[in-house]
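Asks: Please read through the structure below; I'll follow up with questions.
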Amino acid sequence: MKIEEVEGIILSETNYSESSKILNILTKEHNIIGVISKGCRNIKSKLRAVSRKLVYGKFHIYYKENGLSTLISVDIMNSFHHILTDLKTISYASYIIDLVLQVSKQNEEDNLFSLLKATLLKTEEGYGAHILMSIVELKLLDYLGVKPMIDGCSLCGSNKNIVTISSSKGGYICAHCYTDEGMVSDKTIQLVRMFYYVDLEKITKLEVSSHVLKEINLFLEDYYDRYTGLFLKSKKFLKELEKIEQV
């Protein structure tokens, strides 16, 4: 095995033997790789603090292409202090990470790393995690091969007089094709398309009304249920947490 440096983010960790962990790391260079962190569960281990979910840094490893690589050391690039000190923010971040992990198993696109990195860095900077979650959910539908039609009517293709968006019809609906689909606000129609095309790294302002965000989330929840087959415990926990806050 050769020594290699990779830029990555730990997506998940699993205890292995009495003192080690196996880490799933999304990397810039190799997409997802499995890495064993030997002895990291020992109190005095130099790998203990860096062998956890949500670590972003330069990983020095003995790289094995078709098997488990071995962790040597990590140069942390961002400790995500803001995310880790707020329960709700870390819940959003955990769900986004879990979602990216599931998508990465079905698609080895290099852009997944850039998308996740930009999302976590914007969350760390204080941008609304609930809004960033919706943006990521929408963008990931393309990686899953089930992107909704948002460049025109999903039924006739026209980009004129779009009046609503429907998960059951696969995207935008124009006035000519509209029957009894639920209506959404014009702002929701505009932002769904903007969310998909926006470059997260270039965002300097992110403000969305609660009503519009609710409409977008309802669309995305139903769309994921209909077309992706993904069910994540972290999303269920997030929804339960939101219910508690509303009481």
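A note on labels: chains of the structure tokens are A, B, ... as shown, every chain counts residues from 1, and ligands are counted from 1 in their shown order.
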Would you mind writing down, as a VMD selection string, each residue of segment 1-245 of chain A that DSSP on the backbone assigns to strand (DSSP E or B)?
Replies: chain A and resid 2 to 16 20 to 27 31 to 37 56 to 63 69 to 78 149 162 to 166 171 to 174
Asks: Within 12 Å of Tyr197 of chain A, counting only C-alpha atoms, which residues show up once you throw out same-chain ones fewer than 2 positions away? Write them as a list in words, please.
Replies: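 Final neighbour list, sorted by chain and number: Ile135, Val136, Leu138, Lys139, Leu140, Asp142, Ile150, Asp151, Gln190, Leu191, Val192, Arg193, Met194, Phe195, Asp199, Leu200, Glu201, Lys202 and Ile203 of chain A.
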Asks: Need the shell around Asp222 of chain A: protein/DNA/RNA residues with any atom at most 10 Å away, counting only C-alpha atoms. Skip same-chain ones fewer than 3 positions apart. Format as a PyMOL selection string?
Replies: chain A and resi 166-168+217-219+225-227
Asks: Got a sec: who's within 10 Å of Leu230 of chain A, counting only C-alpha atoms, leaving out chain neighbours fewer than 6 positions off, as a short mmCIF file (atom, residue, chain, number, x, y, z; two decimals) with all heavy atoms, in the first residue's frame?
Replies:
data_model
loop_
_atom_site.label_atom_id
_atom_site.label_comp_id
_atom_site.auth_asym_id
_atom_site.auth_seq_id
_atom_site.Cartn_x
_atom_site.Cartn_y
_atom_site.Cartn_z
N LEU A 99 -27.70 11.47 3.80
CA LEU A 99 -28.30 11.47 2.46
C LEU A 99 -27.21 11.37 1.38
O LEU A 99 -27.34 10.60 0.43
CB LEU A 99 -29.14 12.72 2.27
CG LEU A 99 -29.92 12.85 0.96
CD1 LEU A 99 -30.86 11.66 0.76
CD2 LEU A 99 -30.71 14.15 0.92
N GLN A 102 -25.87 7.83 1.16
CA GLN A 102 -26.75 6.92 0.42
C GLN A 102 -26.67 7.18 -1.09
O GLN A 102 -26.64 6.25 -1.89
CB GLN A 102 -28.20 7.08 0.90
CG GLN A 102 -28.44 6.59 2.32
CD GLN A 102 -28.04 5.14 2.51
OE1 GLN A 102 -28.38 4.27 1.71
NE2 GLN A 102 -27.30 4.88 3.57
N VAL A 103 -26.64 8.45 -1.46
CA VAL A 103 -26.56 8.79 -2.89
C VAL A 103 -25.23 8.35 -3.48
O VAL A 103 -25.17 7.86 -4.61
CB VAL A 103 -26.76 10.31 -3.09
CG1 VAL A 103 -26.51 10.70 -4.55
CG2 VAL A 103 -28.18 10.72 -2.68
N TYR A 224 -39.43 12.59 -2.78
CA TYR A 224 -38.50 11.55 -2.33
C TYR A 224 -39.24 10.25 -2.03
O TYR A 224 -38.76 9.15 -2.35
CB TYR A 224 -37.73 12.02 -1.10
CG TYR A 224 -36.39 12.64 -1.43
CD1 TYR A 224 -36.30 13.97 -1.85
CD2 TYR A 224 -35.21 11.91 -1.35
CE1 TYR A 224 -35.07 14.54 -2.18
CE2 TYR A 224 -33.98 12.47 -1.67
CZ TYR A 224 -33.92 13.77 -2.08
OH TYR A 224 -32.70 14.33 -2.41
#
Asks: Find the residue from A:Lys160, A:Lys243, A:Lys236, A:Lys122 that sits nearest to Leu206 of chain A; use only C-alpha atoms when measuring.
Replies: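 Checking each candidate against Leu206 of chain A, we get A:Lys122 as the closest.
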Asks: Excluding Met77 of chain A and residues on its chain fewer than 3 positions from it, collect all residues at most 9 Å away from it, counting only C-alpha atoms, and give them as a list in words.
Replies: Val55, Tyr56, Gly57 and Lys58 of chain A
Asks: Based on the selection just made, write N, CA, C and O atoms of those residues as a PDB file, in the first residue's frame.
Replies:
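Final file, part.pdb:
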ATOM      1  N   VAL A  55     -15.764  15.120  10.451  1.00  0.00           N
ATOM      2  CA  VAL A  55     -14.401  15.656  10.413  1.00  0.00           C
ATOM      3  C   VAL A  55     -14.048  15.944   8.960  1.00  0.00           C
ATOM      4  O   VAL A  55     -14.204  15.104   8.084  1.00  0.00           O
ATOM      5  N   TYR A  56     -13.572  17.166   8.706  1.00  0.00           N
ATOM      6  CA  TYR A  56     -13.156  17.573   7.362  1.00  0.00           C
ATOM      7  C   TYR A  56     -11.682  17.933   7.402  1.00  0.00           C
ATOM      8  O   TYR A  56     -11.268  18.782   8.195  1.00  0.00           O
ATOM      9  N   GLY A  57     -10.890  17.277   6.563  1.00  0.00           N
ATOM     10  CA  GLY A  57      -9.475  17.576   6.583  1.00  0.00           C
ATOM     11  C   GLY A  57      -8.691  16.848   5.521  1.00  0.00           C
ATOM     12  O   GLY A  57      -9.255  16.249   4.591  1.00  0.00           O
ATOM     13  N   LYS A  58      -7.382  16.919   5.664  1.00  0.00           N
ATOM     14  CA  LYS A  58      -6.459  16.183   4.807  1.00  0.00           C
ATOM     15  C   LYS A  58      -6.106  14.884   5.530  1.00  0.00           C
ATOM     16  O   LYS A  58      -5.519  14.910   6.617  1.00  0.00           O
TER      17      LYS A  58
END
